[in-house]
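Q: Hey, dropping final19.cif in here, mmCIF, C-alpha atoms:
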```
data_model
#
loop_
_atom_site.label_atom_id
_atom_site.label_comp_id
_atom_site.auth_asym_id
_atom_site.auth_seq_id
_atom_site.Cartn_x
_atom_site.Cartn_y
_atom_site.Cartn_z
CA MET A 24 172.72 134.71 159.22
CA PHE A 25 169.84 137.11 159.69
CA ASP A 26 169.80 140.67 160.91
CA LEU A 27 166.92 141.34 163.32
CA ASP A 28 165.51 144.88 163.24
CA GLY A 29 164.28 145.79 159.77
CA THR A 30 164.94 142.32 158.35
CA LEU A 31 162.91 139.86 160.41
CA ALA A 32 160.75 142.32 162.31
CA ASP A 33 159.59 145.90 162.16
CA THR A 34 160.56 146.94 165.69
CA ALA A 35 160.57 150.68 164.99
CA PRO A 36 157.14 151.42 166.53
CA ASP A 37 158.14 150.16 169.99
CA LEU A 38 161.60 151.74 169.78
CA CYS A 39 159.92 155.02 168.85
CA GLN A 40 157.51 154.80 171.79
CA ALA A 41 160.35 154.16 174.26
CA LEU A 42 162.52 156.86 172.72
CA ASN A 43 159.76 159.46 172.95
CA ARG A 44 159.17 158.57 176.60
CA VAL A 45 162.86 159.30 177.18
CA LEU A 46 162.66 162.60 175.30
CA ARG A 47 159.60 163.76 177.20
CA THR A 48 161.31 162.91 180.49
CA LEU A 49 164.30 165.00 179.40
CA ASN A 50 162.00 167.89 178.38
CA CYS A 51 162.70 167.36 174.69
CA SER A 52 160.29 167.20 171.76
CA PRO A 53 159.16 163.79 170.47
CA VAL A 54 160.37 162.47 167.11
CA ALA A 55 158.39 160.89 164.29
CA LEU A 56 158.29 157.16 163.57
CA GLU A 57 159.74 157.61 160.08
CA GLU A 58 162.69 159.51 161.55
CA VAL A 59 163.33 156.60 163.91
CA ARG A 60 163.22 154.14 161.01
CA GLY A 61 166.01 156.14 159.38
CA TRP A 62 168.17 156.09 162.51
CA ILE A 63 167.98 152.36 163.34
CA GLY A 64 170.96 150.13 162.61
CA ASN A 65 173.87 151.33 164.73
CA GLY A 66 172.59 150.38 168.16
CA MET A 67 170.28 151.99 170.70
CA GLN A 68 172.74 154.61 171.93
CA ALA A 69 173.22 155.91 168.39
CA LEU A 70 169.44 156.06 168.03
CA LEU A 71 169.17 158.14 171.21
CA GLU A 72 172.01 160.42 170.14
CA CYS A 73 170.30 161.13 166.80
CA ALA A 74 167.11 162.16 168.61
CA LEU A 75 168.96 164.35 171.13
CA VAL A 76 171.07 166.06 168.47
CA LYS A 77 167.92 166.88 166.52
CA ASN A 78 166.35 168.38 169.65
CA LEU A 79 169.36 170.29 170.95
CA ASP A 80 171.04 171.09 167.63
CA ARG A 81 174.46 170.47 169.15
CA LYS A 82 176.80 167.70 170.24
CA VAL A 83 175.34 165.89 173.24
CA ASP A 84 177.44 165.52 176.39
CA SER A 85 178.16 162.09 177.80
CA ALA A 86 176.25 162.66 181.05
CA LEU A 87 173.00 163.33 179.18
CA ILE A 88 173.54 160.28 176.97
CA GLU A 89 174.17 158.11 180.03
CA LYS A 90 171.01 159.38 181.71
CA GLY A 91 169.02 158.93 178.52
CA MET A 92 170.26 155.38 178.01
CA SER A 93 169.26 154.40 181.54
CA LEU A 94 165.76 155.66 180.80
CA PHE A 95 165.72 154.06 177.35
CA ASP A 96 166.64 150.66 178.78
CA LEU A 97 163.91 150.98 181.39
CA PHE A 98 161.15 152.15 179.05
CA TYR A 99 161.99 149.74 176.20
CA SER A 100 162.19 146.73 178.51
CA ASP A 101 158.57 147.44 179.47
CA ALA A 102 157.33 147.09 175.90
CA VAL A 103 159.60 145.47 173.31
CA TRP A 104 156.80 143.69 171.46
CA VAL A 105 153.60 145.74 171.61
CA GLU A 106 153.30 147.30 168.15
CA SER A 107 156.25 145.49 166.57
CA ILE A 108 155.46 142.80 163.98
CA CYS A 109 157.28 140.17 161.93
CA TYR A 110 157.44 141.05 158.26
CA PRO A 111 155.18 139.06 155.90
CA GLY A 112 156.44 135.55 155.17
CA VAL A 113 159.15 135.54 157.84
CA LEU A 114 157.81 132.76 160.07
CA ASN A 115 156.95 130.43 157.17
CA GLY A 116 160.24 131.21 155.41
CA LEU A 117 162.33 130.41 158.48
CA LEU A 118 160.34 127.23 159.00
CA GLU A 119 161.09 126.17 155.41
CA LEU A 120 164.80 126.91 155.80
CA GLY A 121 164.87 124.86 159.01
CA GLU A 122 163.10 121.94 157.34
CA ILE A 123 165.63 122.02 154.49
CA GLY A 124 168.38 121.72 157.08
CA PHE A 125 170.01 125.14 157.24
CA LYS A 126 171.71 126.22 160.44
CA MET A 127 170.58 129.74 161.26
CA ALA A 128 171.98 132.55 163.37
CA CYS A 129 170.63 135.97 164.26
CA VAL A 130 173.38 138.61 164.20
CA THR A 131 172.27 142.03 165.38
CA ASN A 132 173.62 145.27 166.80
CA LYS A 133 170.79 145.26 169.33
CA PRO A 134 171.88 144.48 172.94
CA ARG A 135 171.48 140.84 173.99
CA PHE A 136 168.75 141.36 176.60
CA PHE A 137 166.47 143.15 174.15
CA SER A 138 167.35 140.82 171.28
CA LEU A 139 166.37 137.81 173.38
CA GLU A 140 163.11 139.47 174.40
CA VAL A 141 162.19 140.36 170.82
CA LEU A 142 163.02 136.85 169.60
CA LYS A 143 161.08 135.24 172.44
CA GLN A 144 157.99 137.42 172.32
CA SER A 145 157.78 137.25 168.51
CA GLY A 146 158.22 133.47 168.39
CA LEU A 147 161.38 133.81 166.31
CA ASP A 148 163.62 132.26 168.93
CA ALA A 149 162.64 128.73 167.90
CA PHE A 150 164.45 129.08 164.57
CA PHE A 151 167.93 130.18 165.62
CA HIS A 152 170.79 128.01 166.78
CA VAL A 153 172.94 131.05 167.62
CA LEU A 154 172.43 134.68 168.60
CA VAL A 155 175.25 137.22 168.38
CA ALA A 156 174.10 140.53 169.84
CA GLY A 157 175.49 144.03 169.79
CA ASN A 158 177.15 143.87 173.19
CA ASP A 159 178.56 140.33 172.93
CA LEU A 160 181.86 141.34 171.32
CA SER A 161 184.12 144.39 171.28
CA GLU A 162 183.08 145.10 167.67
CA ARG A 163 179.69 145.27 165.97
CA LYS A 164 178.55 145.30 162.35
CA PRO A 165 179.90 146.60 159.97
CA SER A 166 182.87 144.74 161.46
CA ALA A 167 183.16 141.17 160.24
CA ALA A 168 183.74 139.95 163.81
CA PRO A 169 180.09 139.17 164.76
CA LEU A 170 179.50 137.20 161.56
CA LEU A 171 182.75 135.26 161.86
CA TYR A 172 181.97 134.50 165.49
CA ALA A 173 178.50 133.27 164.51
CA ALA A 174 180.05 130.99 161.89
CA GLN A 175 182.41 129.61 164.54
CA GLN A 176 179.50 128.96 166.89
CA LEU A 177 177.58 127.21 164.09
CA ARG A 178 180.72 125.21 163.25
CA VAL A 179 180.61 126.12 159.58
CA ASN A 180 183.10 127.66 157.18
CA SER A 181 182.48 131.37 156.73
CA ARG A 182 182.43 130.92 152.95
CA GLU A 183 179.43 128.62 153.35
CA CYS A 184 177.41 131.41 154.97
CA VAL A 185 174.92 133.86 153.54
CA VAL A 186 173.92 137.07 155.30
CA ILE A 187 170.41 138.50 154.98
CA GLY A 188 169.96 142.11 156.08
CA ASP A 189 168.44 145.47 155.30
CA THR A 190 171.21 148.06 155.77
CA LYS A 191 174.66 149.01 154.53
CA ASN A 192 176.05 147.76 157.85
CA ASP A 193 174.88 144.24 156.96
CA ILE A 194 176.37 144.42 153.49
CA ASP A 195 179.71 145.81 154.67
CA ALA A 196 179.95 143.24 157.47
CA ALA A 197 179.25 140.40 155.05
CA ARG A 198 181.80 141.70 152.55
CA ASN A 199 184.38 142.09 155.32
CA ALA A 200 183.71 138.49 156.35
CA GLY A 201 183.89 137.13 152.80
CA MET A 202 180.23 136.06 152.87
CA MET A 203 177.47 136.30 150.30
CA VAL A 204 174.83 138.87 151.21
CA LEU A 205 171.16 139.25 150.28
CA LEU A 206 169.51 142.64 150.81
CA VAL A 207 165.80 142.78 151.60
CA THR A 208 163.87 145.60 149.96
CA TRP A 209 161.86 146.35 153.11
CA GLY A 210 163.39 147.58 156.37
CA TYR A 211 165.51 150.57 157.32
CA HIS A 212 167.59 151.60 154.31
CA LYS A 213 168.06 155.27 155.22
CA ASP A 214 166.93 156.30 151.70
CA LEU A 215 169.97 154.69 150.07
CA GLU A 216 169.73 153.38 146.52
CA LEU A 217 169.35 149.62 146.98
CA SER A 218 170.90 148.62 143.66
CA GLU A 219 174.08 150.53 144.56
CA MET A 220 174.59 149.07 148.03
CA GLY A 221 176.65 146.10 146.84
CA ALA A 222 174.49 143.09 147.73
CA ASN A 223 174.70 139.88 145.72
CA GLN A 224 170.94 139.93 145.28
CA LEU A 225 167.89 141.99 146.23
CA ILE A 226 165.09 140.09 147.98
CA LYS A 227 161.56 141.42 147.44
CA LYS A 228 159.69 138.65 149.28
CA PHE A 229 160.91 136.63 152.25
CA SER A 230 159.50 133.48 150.67
CA SER A 231 162.09 133.75 147.89
CA ILE A 232 165.06 133.40 150.26
CA PRO A 233 165.10 129.55 150.42
CA LYS A 234 165.14 129.30 146.63
CA SER A 235 167.81 132.00 146.34
CA VAL A 236 170.26 130.30 148.69
CA ILE A 237 169.64 126.83 147.23
CA CYS A 238 170.19 128.09 143.68
CA ARG A 239 173.51 129.52 144.79
CA GLY A 240 174.70 126.14 145.99
CA LEU A 241 174.33 126.72 149.71
CA SER A 242 171.97 123.86 150.52
#
```
Take the structure in the file and write it out as structure tokens.
A:
Amino acid sequence: MFDLDGTLADTAPDLCQALNRVLRTLNCSPVALEEVRGWIGNGMQALLECALVKNLDRKVDSALIEKGMSLFDLFYSDAVWVESICYPGVLNGLLELGEIGFKMACVTNKPRFFSLEVLKQSGLDAFFHVLVAGNDLSERKPSAAPLLYAAQQLRVNSRECVVIGDTKNDIDAARNAGMMVLLVTWGYHKDLELSEMGANQLIKKFSSIPKSVICRGLS
């Protein structure tokens, strides 16, 4: 079960472009790409709220968030895969896992429409049997619910699953679901100490994932 943003693909550049279009429309100052990388992981509304709070230095009212989200959806839908890229080794690694016979799901906090667009335009959609997106259920990661639902859709026991992600949300969700979790050393870690985040294993290269899961008896 793979996270999407920060694990399979670096989508921050296009999210940043859309976010800054929203901010300019709302007469706010743009934010830097590295700031956006640090805010990704809790959904697009949380990303917008972080940018607005930085600009306004106060709690943001719901009407402004609603207006901003309408703009964000519009601007991001225009360009979800312009400067975004798959991380090195992702396509070949997923191909190898598929050839071995693994069932694979993408479990993300990103809304379904945008998740589907990113998967389609990146070519990643061919590898996944199941997608569980951020607005599919009443709960998102770090809740266990999306992972358990993905396991149900794959028709596998949750204890036979391994989660691969880049943030504490992925680790906590996996732990809550009773699943093994691998943490990639790239992505959007929010400056947390990787060795202290509680993953079963750190992954430095995507190409090492097939060997890691096979060695742990998950083939």
Q: Could you check how far CA of Glu183 (chain A) sits from CA of Val130 (chain A), in Å to one decimal?
A: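 That distance, rounded to one decimal, is 15.9 Å.
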Q: Could you state which residues are captured by the PyMOL selection byres ((chain A and resi 102) around 9) in this file, as a VMD selection string?
A: chain A and resid 37 to 38 40 to 41 98 to 101 103 to 106
Q: Can you tell me, as a PyMOL selection string, which residues sit within 12 Å of (184.2, 128.8, 160.4) in the file's frame, using all atoms listed in the file?
A: chain A and resi 168-184+200-202
Q: With the cut-off set at 12 Å and counting all atoms listed in the file, tabulate each residue of region 27-110 of chain A with an atom at most that distance from an atom of region 220-242 of chain A, showing the nearest atom pair and its distance in Å to one decimal, ordered by chain and increasing number, as a tab-separated table.
A:
```
residue	atom	partner	partner_atom	distance
A:Thr30	CA	A:Phe229	CA	9.3
A:Leu31	CA	A:Phe229	CA	9.0
A:Ala32	CA	A:Phe229	CA	11.6
A:Cys109	CA	A:Phe229	CA	10.9
A:Tyr110	CA	A:Phe229	CA	8.2
```
Q: Specify as a PyMOL selection string each residue included when the PyMOL selection byres ((chain A and resi 51-63) around 6) is applied to this file.
A: chain A and resi 35+39+43+46-47+49-50+64+70+211+213
Q: Would you kindly translate the PyMOL selection byres ((chain A and resi 127) around 6) into the concrete residues it picks from this file, as a short mmCIF file (atom, residue, chain, number, x, y, z; two decimals) with C-alpha atoms, keeping the file's coordinate frame?
A:
```cif
data_model
loop_
_atom_site.label_atom_id
_atom_site.label_comp_id
_atom_site.auth_asym_id
_atom_site.auth_seq_id
_atom_site.Cartn_x
_atom_site.Cartn_y
_atom_site.Cartn_z
CA MET A 24 172.72 134.71 159.22
CA LYS A 126 171.71 126.22 160.44
CA ALA A 128 171.98 132.55 163.37
CA PHE A 151 167.93 130.18 165.62
CA HIS A 152 170.79 128.01 166.78
#
```
Q: Between A:Ile123, A:Asn65, A:Leu160, A:Phe150, which is the closest to Lys191 (chain A) once you count only C-alpha atoms?
A: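 Using only C-alpha atoms, the shortest distance to Lys191 (chain A) belongs to A:Asn65.
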Q: In Å, with one decimal, what is the gap from CA of Trp209 (chain A) to CA of Phe25 (chain A)?
A: 13.9 Å
Q: For Ser85 (chain A), which of A:Glu119, A:Asp33, A:Glu72, A:Asp195 is the closest residue, counting only C-alpha atoms?
A: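 Between A:Glu119, A:Asp33, A:Glu72, A:Asp195, the residue approaching Ser85 (chain A) most closely is A:Glu72.
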